[in-house]
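First the structure, in the form of structure tokens, and then the observations on it.
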Amino acid sequence: MSERLVPLGKRTPEARPRPVPAADALRVYVETYGCQMNVADSDLIGSVLADAGYATTTRAEDADVLLVNTCAVREKAEERVTARAAELGALKRKRPGVVLAIVGCMAEHLKEGLADRAPSVDVIAGPDSYRRLPELLTAARSVHTQPIVDIKLDKAETYEGLSGAMGGDGISGFVTIQRGCDKFCTFCVVPFTRGRERGTPPREVLRQVRELAAAGYREVVLLGQTVNSYVWDETTFAQLLRAVCTVEGIERVRFTSPYPVDFTADVIAAIAEEPKICKYVHLPVQSGSDVVLERMKRGYTVADYRAIVAALRHAVPEIALSTDILTGFSGETEDDHAQTIALMHEIRFDSAFMFAYSERDLTFAAKKLADDIDEATKKRRLQEIIAVQEKVSAEVFAAHVGRRERVLVHGPSKRDASQLMGRTDGFKTVILPSGLGSVGELVDVTISRATMATLFGG
């Protein structure tokens, strides 16, 4: 059974019109690797190039520009991009005049050295260079023998005045409220690839949120590397959250990823008191060992983390929690590993992103701490962590069977186009039979069954 609550939003005259490309416009194909920040940046890039007269294509074979937006957080991500760049380079050689651009964090991380790993690349641009992409691509189409490189980080660049509102699925849209990071965790390359932390003015955040609402989006996700450390003059993150909730047409407000030590009482109160703010928090813990957390320079202890979780659950008993866990970091002992597993059993996260440590140059860990856990041990510990989380997730999801859940319908299911996919307030994917709601609607459904990662409405 379902009850329809909110009709699909309509595009209004206030929505920012997408430029109509000329019939002979150059076509750009974009691939994105990495986190939601990268996805939001790809939407931004699409907007910049559309304003410059480019058309988009979903087929690399049809493109005049092949653009890969990259991630540098983990070595495997860079390896995937390098392999994909080789494939696109082979495609490029079959079509003279096609430009291959690699942009984003990997471009900033490897700089000119990226050309050695991807010899077919024509443009290398960092995450603060997107405004200049049209001129970089134009230059690359002229005769040149070396890649065009633009990797200067900009302490002030927040892309104010631009928009990515036409990206995403048309239901949930991203607004980047903060760029860069000041935490300098010893394992993390982000401060070196995205620069120092700087916030977007509240007026600009609200402009973009209103633009999304005018374009028919129902949900907005506020993004930042440590999003809850946001501050602009005297505006705090909690105040910004509450202001976003006042935008008519937006029914749900999410944010990611917060940093544990910046989870203040006013933010927790905003989550508890504002109906539009989703009762879900992604709260990276990384390790359950104080010794490892200190070596990572995370700035909190396990007791501090427990206190944040307790405060969240006291204020919002139904809150869903997910996390990041990094295993095999420098000096991690079997006891450290066991403490992480124990904390997972104690907290019982709804879900988790789990990774084995890979050393990133430029970081403190790469310079000062030995990568002394062998790959076999890293792999075993990761599999043990995954096994624990899969068991907990299965139990957490199973507990939703029989409950009524409010679901925002995002679109057709990827596995079966006759079904619909939506998400609960707690960010759980729900598969709905055809007829139970339409794209863009909020519907109340009863959960009939569950796996460890998906709910099914009946």
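Each chain in the structure tokens gets a letter, A, B and so on, in the order shown; residues start at 1 in every chain, and ligands are counted from 1 in the order they appear.
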Do you know which residues are at most 8 Å from segment 87-92 of chain A counting only C-alpha atoms, after dropping those on the same chain fewer than 3 positions away, and could you put them as a list of chain:residue names?
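That gives A:Ala60, A:Glu61, A:Leu66, A:Ala83, A:Arg84, A:Arg95, A:Pro96, A:Gly97, A:Val98, A:Val99, A:Leu100, A:Ser120, A:Val121.
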Limited to N, CA and C atoms, could you put the picked residues into a file as an mmCIF file, in the first residue's frame?
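Output contents, as saved in again-v3.cif:
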data_model
loop_
_atom_site.group_PDB
_atom_site.id
_atom_site.type_symbol
_atom_site.label_atom_id
_atom_site.label_comp_id
_atom_site.auth_asym_id
_atom_site.auth_seq_id
_atom_site.Cartn_x
_atom_site.Cartn_y
_atom_site.Cartn_z
ATOM 1 N N ALA A 60 31.251 8.070 -25.785
ATOM 2 C CA ALA A 60 32.613 8.548 -26.027
ATOM 3 C C ALA A 60 32.935 8.541 -27.520
ATOM 4 N N GLU A 61 32.372 7.587 -28.247
ATOM 5 C CA GLU A 61 32.672 7.460 -29.679
ATOM 6 C C GLU A 61 32.180 8.649 -30.490
ATOM 7 N N LEU A 66 36.868 14.436 -24.827
ATOM 8 C CA LEU A 66 36.751 13.365 -23.838
ATOM 9 C C LEU A 66 37.298 13.913 -22.529
ATOM 10 N N ALA A 83 44.132 3.452 -16.640
ATOM 11 C CA ALA A 83 43.704 2.430 -17.593
ATOM 12 C C ALA A 83 42.630 2.971 -18.526
ATOM 13 N N ARG A 84 41.701 3.738 -17.982
ATOM 14 C CA ARG A 84 40.638 4.305 -18.817
ATOM 15 C C ARG A 84 41.200 5.347 -19.789
ATOM 16 N N ARG A 95 40.239 9.140 -34.264
ATOM 17 C CA ARG A 95 39.482 10.323 -34.670
ATOM 18 C C ARG A 95 40.332 11.566 -34.457
ATOM 19 N N PRO A 96 41.148 11.919 -35.412
ATOM 20 C CA PRO A 96 42.025 13.095 -35.282
ATOM 21 C C PRO A 96 41.222 14.347 -34.921
ATOM 22 N N GLY A 97 41.802 15.141 -34.024
ATOM 23 C CA GLY A 97 41.141 16.362 -33.587
ATOM 24 C C GLY A 97 40.429 16.238 -32.265
ATOM 25 N N VAL A 98 40.185 15.019 -31.815
ATOM 26 C CA VAL A 98 39.534 14.820 -30.515
ATOM 27 C C VAL A 98 40.507 15.194 -29.399
ATOM 28 N N VAL A 99 40.006 15.882 -28.386
ATOM 29 C CA VAL A 99 40.814 16.332 -27.250
ATOM 30 C C VAL A 99 40.506 15.464 -26.030
ATOM 31 N N LEU A 100 41.540 15.008 -25.341
ATOM 32 C CA LEU A 100 41.403 14.256 -24.090
ATOM 33 C C LEU A 100 41.853 15.141 -22.931
ATOM 34 N N SER A 120 48.355 10.231 -23.985
ATOM 35 C CA SER A 120 47.427 10.813 -24.958
ATOM 36 C C SER A 120 46.722 12.059 -24.441
ATOM 37 N N VAL A 121 46.978 12.447 -23.200
ATOM 38 C CA VAL A 121 46.255 13.567 -22.611
ATOM 39 C C VAL A 121 46.671 14.887 -23.262
#
Near Ala118 of chain A, counting only C-alpha atoms, which residues have an atom at most 12 Å away, once you skip same-chain residues fewer than 3 positions from it, shown as a PyMOL selection string?
chain A and resi 68+78-90+100-102+106-107+110-115+121-124+147
Report as a list in words: the residues of segment 130-195 of chain A with a DSSP assignment of strand (DSSP E or B), based on the backbone of this structure.
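The strand (DSSP E or B) residues within segment 130-195 of chain A come out as Ile148, Val149, Asp150, Ser172, Gly173, Phe174, Val175, Thr176, Gln178 and Arg179 of chain A.
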Find the distance between atom CA of Gly440 of chain A and atom CA of Arg252 of chain A and write it in Å to one decimal.
11.7 Å
Leaving out segment 398-410 of chain A and any residue of its chain fewer than 4 positions from it, which residues lie within 9 Å of it when counting only C-alpha atoms, given as a JSON list (two decimals) with C-alpha atoms, in the first residue's frame?
[["chain", "number", "residue", "atom", "x", "y", "z"],
["A", 169, "ASP", "CA", 18.81, 12.76, -11.63],
["A", 170, "GLY", "CA", 16.56, 15.82, -11.56],
["A", 171, "ILE", "CA", 15.29, 14.88, -8.10],
["A", 172, "SER", "CA", 18.32, 15.17, -5.79],
["A", 218, "ARG", "CA", 12.93, 17.79, -4.37],
["A", 219, "GLU", "CA", 16.10, 17.16, -2.36],
["A", 252, "ARG", "CA", 14.59, 17.01, 1.98],
["A", 393, "SER", "CA", 23.69, -4.22, 7.90],
["A", 394, "ALA", "CA", 21.58, -7.29, 7.18],
["A", 420, "LEU", "CA", 11.03, 2.28, -9.30],
["A", 421, "MET", "CA", 13.90, 3.19, -6.98],
["A", 422, "GLY", "CA", 13.66, 5.62, -4.11],
["A", 423, "ARG", "CA", 15.27, 6.44, -0.78],
["A", 424, "THR", "CA", 14.06, 6.71, 2.76],
["A", 425, "ASP", "CA", 14.79, 9.62, 5.05],
["A", 429, "THR", "CA", 17.43, 2.39, -1.13],
["A", 430, "VAL", "CA", 13.90, 1.10, -1.63],
["A", 432, "LEU", "CA", 8.97, -0.19, -5.48],
["A", 437, "GLY", "CA", 4.31, 6.38, -6.83],
["A", 438, "SER", "CA", 5.92, 8.35, -9.65],
["A", 439, "VAL", "CA", 9.34, 9.92, -10.09],
["A", 440, "GLY", "CA", 9.64, 12.96, -7.83],
["A", 441, "GLU", "CA", 6.87, 11.93, -5.46],
["A", 442, "LEU", "CA", 7.10, 11.25, -1.76],
["A", 443, "VAL", "CA", 5.16, 8.10, -0.98],
["A", 444, "ASP", "CA", 4.49, 6.12, 2.19],
["A", 445, "VAL", "CA", 5.08, 2.40, 1.71],
["A", 446, "THR", "CA", 5.24, -0.71, 3.86],
["A", 447, "ILE", "CA", 8.55, -2.57, 3.69],
["A", 448, "SER", "CA", 7.89, -6.15, 2.68],
["A", 449, "ARG", "CA", 11.43, -7.58, 2.60],
["A", 450, "ALA", "CA", 15.07, -6.58, 2.87],
["A", 451, "THR", "CA", 18.61, -7.52, 1.91],
["A", 452, "MET", "CA", 21.72, -6.17, 3.62],
["A", 455, "LEU", "CA", 14.59, -2.48, 1.12],
["A", 456, "PHE", "CA", 11.57, -3.55, -0.93],
["A", 457, "GLY", "CA", 8.19, -1.89, -0.67]]
Closest atom pairs, residues of segment 152-235 of chain A within 12 Å of segment 359-363 of chain A, only C-alpha atoms, as a Markdown table:
| residue | atom | partner | partner_atom | distance |
| --- | --- | --- | --- | --- |
| A:Lys183 | CA | A:Thr363 | CA | 11.9 |
| A:Phe184 | CA | A:Thr363 | CA | 8.1 |
| A:Cys185 | CA | A:Thr363 | CA | 8.3 |
| A:Thr186 | CA | A:Thr363 | CA | 5.9 |
| A:Phe187 | CA | A:Thr363 | CA | 6.0 |
| A:Cys188 | CA | A:Thr363 | CA | 6.3 |
| A:Val189 | CA | A:Thr363 | CA | 5.8 |
| A:Val190 | CA | A:Thr363 | CA | 9.2 |
| A:Pro191 | CA | A:Thr363 | CA | 9.1 |
| A:Phe192 | CA | A:Leu362 | CA | 7.3 |
| A:Thr193 | CA | A:Leu362 | CA | 9.7 |
List as a list in words the protein and nucleic acid residues near Pro202 of chain A, meaning an atom at most 10 Å away when only C-alpha atoms are counted, but skip any in the same chain fewer than 5 places from it.
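Everything that qualifies: Ile177, Arg207, Gln208, Val231, Trp232, Asp233, Thr235, Thr236, Phe237, Gln239, Leu240, Ala243 and Val244 of chain A.
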Can you write out the residues you just picked, keeping N, CA and C atoms, as a PDB file, in the first residue's frame?
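For reference, selection-v9.pdb as written:
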ATOM      1  N   ILE A 177      29.071  23.722  -0.609  1.00  0.00           N
ATOM      2  CA  ILE A 177      29.108  24.888   0.277  1.00  0.00           C
ATOM      3  C   ILE A 177      30.518  25.158   0.805  1.00  0.00           C
ATOM      4  N   ARG A 207      20.988  30.809  -3.302  1.00  0.00           N
ATOM      5  CA  ARG A 207      20.666  31.020  -4.718  1.00  0.00           C
ATOM      6  C   ARG A 207      20.654  29.693  -5.462  1.00  0.00           C
ATOM      7  N   GLN A 208      21.671  28.874  -5.202  1.00  0.00           N
ATOM      8  CA  GLN A 208      21.746  27.595  -5.892  1.00  0.00           C
ATOM      9  C   GLN A 208      20.629  26.649  -5.448  1.00  0.00           C
ATOM     10  N   VAL A 231      31.751  27.831   8.007  1.00  0.00           N
ATOM     11  CA  VAL A 231      31.414  29.102   8.649  1.00  0.00           C
ATOM     12  C   VAL A 231      31.674  30.206   7.635  1.00  0.00           C
ATOM     13  N   TRP A 232      30.795  31.188   7.608  1.00  0.00           N
ATOM     14  CA  TRP A 232      30.983  32.351   6.740  1.00  0.00           C
ATOM     15  C   TRP A 232      30.631  33.582   7.565  1.00  0.00           C
ATOM     16  N   ASP A 233      31.649  34.394   7.866  1.00  0.00           N
ATOM     17  CA  ASP A 233      31.457  35.509   8.786  1.00  0.00           C
ATOM     18  C   ASP A 233      30.833  34.974  10.076  1.00  0.00           C
ATOM     19  N   THR A 235      27.847  33.303  10.122  1.00  0.00           N
ATOM     20  CA  THR A 235      26.881  32.251   9.814  1.00  0.00           C
ATOM     21  C   THR A 235      27.498  30.888  10.066  1.00  0.00           C
ATOM     22  N   THR A 236      26.877  30.120  10.939  1.00  0.00           N
ATOM     23  CA  THR A 236      27.362  28.784  11.257  1.00  0.00           C
ATOM     24  C   THR A 236      26.714  27.758  10.338  1.00  0.00           C
ATOM     25  N   PHE A 237      27.211  26.545  10.392  1.00  0.00           N
ATOM     26  CA  PHE A 237      26.633  25.479   9.588  1.00  0.00           C
ATOM     27  C   PHE A 237      25.192  25.206  10.010  1.00  0.00           C
ATOM     28  N   GLN A 239      23.039  27.296  11.254  1.00  0.00           N
ATOM     29  CA  GLN A 239      22.200  28.373  10.740  1.00  0.00           C
ATOM     30  C   GLN A 239      21.960  28.220   9.243  1.00  0.00           C
ATOM     31  N   LEU A 240      22.997  27.804   8.526  1.00  0.00           N
ATOM     32  CA  LEU A 240      22.840  27.589   7.088  1.00  0.00           C
ATOM     33  C   LEU A 240      21.852  26.456   6.823  1.00  0.00           C
ATOM     34  N   ALA A 243      18.399  27.731   7.249  1.00  0.00           N
ATOM     35  CA  ALA A 243      18.027  28.643   6.158  1.00  0.00           C
ATOM     36  C   ALA A 243      17.655  27.866   4.903  1.00  0.00           C
ATOM     37  N   VAL A 244      18.404  26.812   4.590  1.00  0.00           N
ATOM     38  CA  VAL A 244      18.102  25.997   3.417  1.00  0.00           C
ATOM     39  C   VAL A 244      16.726  25.353   3.551  1.00  0.00           C
TER      40      VAL A 244
END
Please extract the residues of segment 106-190 of chain A with a backbone DSSP assignment of helix (DSSP H, G or I) and present them as an MDAnalysis selection string.
chainID A and resid 106:117 130:141 190
So that I have them on file, write out the residues from the current selection with N, CA and C atoms, as a JSON list (two decimals), in the first residue's frame.
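Output below, filename result37.json:
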[["chain", "number", "residue", "atom", "x", "y", "z"],
["A", 106, "MET", "N", 43.21, 14.01, -9.31],
["A", 106, "MET", "CA", 44.36, 13.26, -9.82],
["A", 106, "MET", "C", 45.26, 14.16, -10.65],
["A", 107, "ALA", "N", 44.65, 15.06, -11.43],
["A", 107, "ALA", "CA", 45.44, 16.02, -12.21],
["A", 107, "ALA", "C", 46.26, 16.91, -11.29],
["A", 108, "GLU", "N", 45.64, 17.34, -10.19],
["A", 108, "GLU", "CA", 46.36, 18.19, -9.24],
["A", 108, "GLU", "C", 47.44, 17.42, -8.51],
["A", 109, "HIS", "N", 47.17, 16.14, -8.22],
["A", 109, "HIS", "CA", 48.11, 15.31, -7.48],
["A", 109, "HIS", "C", 49.36, 15.01, -8.30],
["A", 110, "LEU", "N", 49.16, 14.56, -9.54],
["A", 110, "LEU", "CA", 50.29, 14.12, -10.36],
["A", 110, "LEU", "C", 50.91, 15.24, -11.19],
["A", 111, "LYS", "N", 50.15, 16.30, -11.41],
["A", 111, "LYS", "CA", 50.61, 17.47, -12.16],
["A", 111, "LYS", "C", 51.17, 17.06, -13.52],
["A", 112, "GLU", "N", 52.30, 17.65, -13.92],
["A", 112, "GLU", "CA", 52.87, 17.36, -15.23],
["A", 112, "GLU", "C", 53.22, 15.88, -15.41],
["A", 113, "GLY", "N", 53.47, 15.18, -14.29],
["A", 113, "GLY", "CA", 53.80, 13.77, -14.36],
["A", 113, "GLY", "C", 52.66, 12.91, -14.87],
["A", 114, "LEU", "N", 51.44, 13.46, -14.88],
["A", 114, "LEU", "CA", 50.30, 12.71, -15.40],
["A", 114, "LEU", "C", 50.50, 12.37, -16.87],
["A", 115, "ALA", "N", 51.17, 13.23, -17.61],
["A", 115, "ALA", "CA", 51.39, 12.99, -19.03],
["A", 115, "ALA", "C", 52.21, 11.73, -19.26],
["A", 116, "ASP", "N", 53.08, 11.38, -18.32],
["A", 116, "ASP", "CA", 53.87, 10.16, -18.46],
["A", 116, "ASP", "C", 52.98, 8.92, -18.30],
["A", 117, "ARG", "N", 51.98, 9.01, -17.43],
["A", 117, "ARG", "CA", 51.09, 7.88, -17.20],
["A", 117, "ARG", "C", 49.96, 7.83, -18.22],
["A", 130, "TYR", "N", 38.21, 25.05, -13.42],
["A", 130, "TYR", "CA", 37.07, 24.72, -14.27],
["A", 130, "TYR", "C", 36.50, 25.92, -15.03],
["A", 131, "ARG", "N", 36.60, 27.12, -14.45],
["A", 131, "ARG", "CA", 36.13, 28.29, -15.18],
["A", 131, "ARG", "C", 36.87, 28.46, -16.50],
["A", 132, "ARG", "N", 38.13, 28.01, -16.52],
["A", 132, "ARG", "CA", 38.97, 28.25, -17.69],
["A", 132, "ARG", "C", 38.95, 27.09, -18.70],
["A", 133, "LEU", "N", 38.14, 26.07, -18.43],
["A", 133, "LEU", "CA", 38.14, 24.91, -19.31],
["A", 133, "LEU", "C", 37.84, 25.24, -20.77],
["A", 134, "PRO", "N", 36.86, 26.11, -21.08],
["A", 134, "PRO", "CA", 36.62, 26.40, -22.50],
["A", 134, "PRO", "C", 37.86, 26.91, -23.22],
["A", 135, "GLU", "N", 38.61, 27.83, -22.61],
["A", 135, "GLU", "CA", 39.80, 28.35, -23.28],
["A", 135, "GLU", "C", 40.92, 27.31, -23.32],
["A", 136, "LEU", "N", 41.00, 26.45, -22.30],
["A", 136, "LEU", "CA", 42.01, 25.39, -22.31],
["A", 136, "LEU", "C", 41.73, 24.40, -23.44],
["A", 137, "LEU", "N", 40.45, 24.05, -23.62],
["A", 137, "LEU", "CA", 40.09, 23.12, -24.68],
["A", 137, "LEU", "C", 40.30, 23.73, -26.05],
["A", 138, "THR", "N", 40.00, 25.03, -26.18],
["A", 138, "THR", "CA", 40.24, 25.71, -27.45],
["A", 138, "THR", "C", 41.72, 25.70, -27.79],
["A", 139, "ALA", "N", 42.55, 25.98, -26.79],
["A", 139, "ALA", "CA", 44.00, 25.98, -27.02],
["A", 139, "ALA", "C", 44.48, 24.58, -27.40],
["A", 140, "ALA", "N", 43.88, 23.55, -26.80],
["A", 140, "ALA", "CA", 44.31, 22.19, -27.07],
["A", 140, "ALA", "C", 43.97, 21.75, -28.49],
["A", 141, "ARG", "N", 42.97, 22.39, -29.07],
["A", 141, "ARG", "CA", 42.58, 22.04, -30.44],
["A", 141, "ARG", "C", 43.51, 22.65, -31.48],
["A", 190, "VAL", "N", 43.78, 15.05, 0.29],
["A", 190, "VAL", "CA", 42.81, 16.07, -0.14],
["A", 190, "VAL", "C", 43.30, 17.51, 0.07]]
Could you give me, as an MDAnalysis selection string, the residues within 9 Å of Gln36 of chain A, counting only C-alpha atoms and dropping anything in the same chain fewer than 6 positions from it?
chainID A and resid 174 223 256
Now that the selection is made, can you save its residues with C-alpha atoms as a PDB file, in the first residue's frame?
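Saved the output as result-v5.pdb:
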ATOM      1  CA  PHE A 174      24.202  18.903  -5.062  1.00  0.00           C
ATOM      2  CA  LEU A 223      28.671  19.128   0.159  1.00  0.00           C
ATOM      3  CA  THR A 256      28.045  15.109   3.635  1.00  0.00           C
TER       4      THR A 256
END
Could you pull the residues within 12 Å of Leu241 of chain A, counting only C-alpha atoms, minus those fewer than 2 positions along the same chain, as a ChimeraX atom specification?
/A:177,202,205-206,209,220-223,227-228,230-231,235-239,243-247,252-255,266-278
Spatial neighbours of Gln419 of chain A, 7 Å, only C-alpha atoms, chain gap at least 5 places, as a PyMOL selection string
chain A and resi 412-413+431-434
For atom CA of Tyr29 of chain A and atom CA of Ala63 of chain A, determine how far apart the two atoms are, in Å to one decimal place.
5.7 Å
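Distance annotation: of A:Thr323, A:Thr56, A:Thr145, A:Thr333, the residue with the minimal separation from Ala22 of chain A is A:Thr56; atom set is only C-alpha atoms.
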Report the distance between atom CA of Pro317 of chain A and atom CA of Val175 of chain A in Å, rounded to one decimal place.
27.6 Å
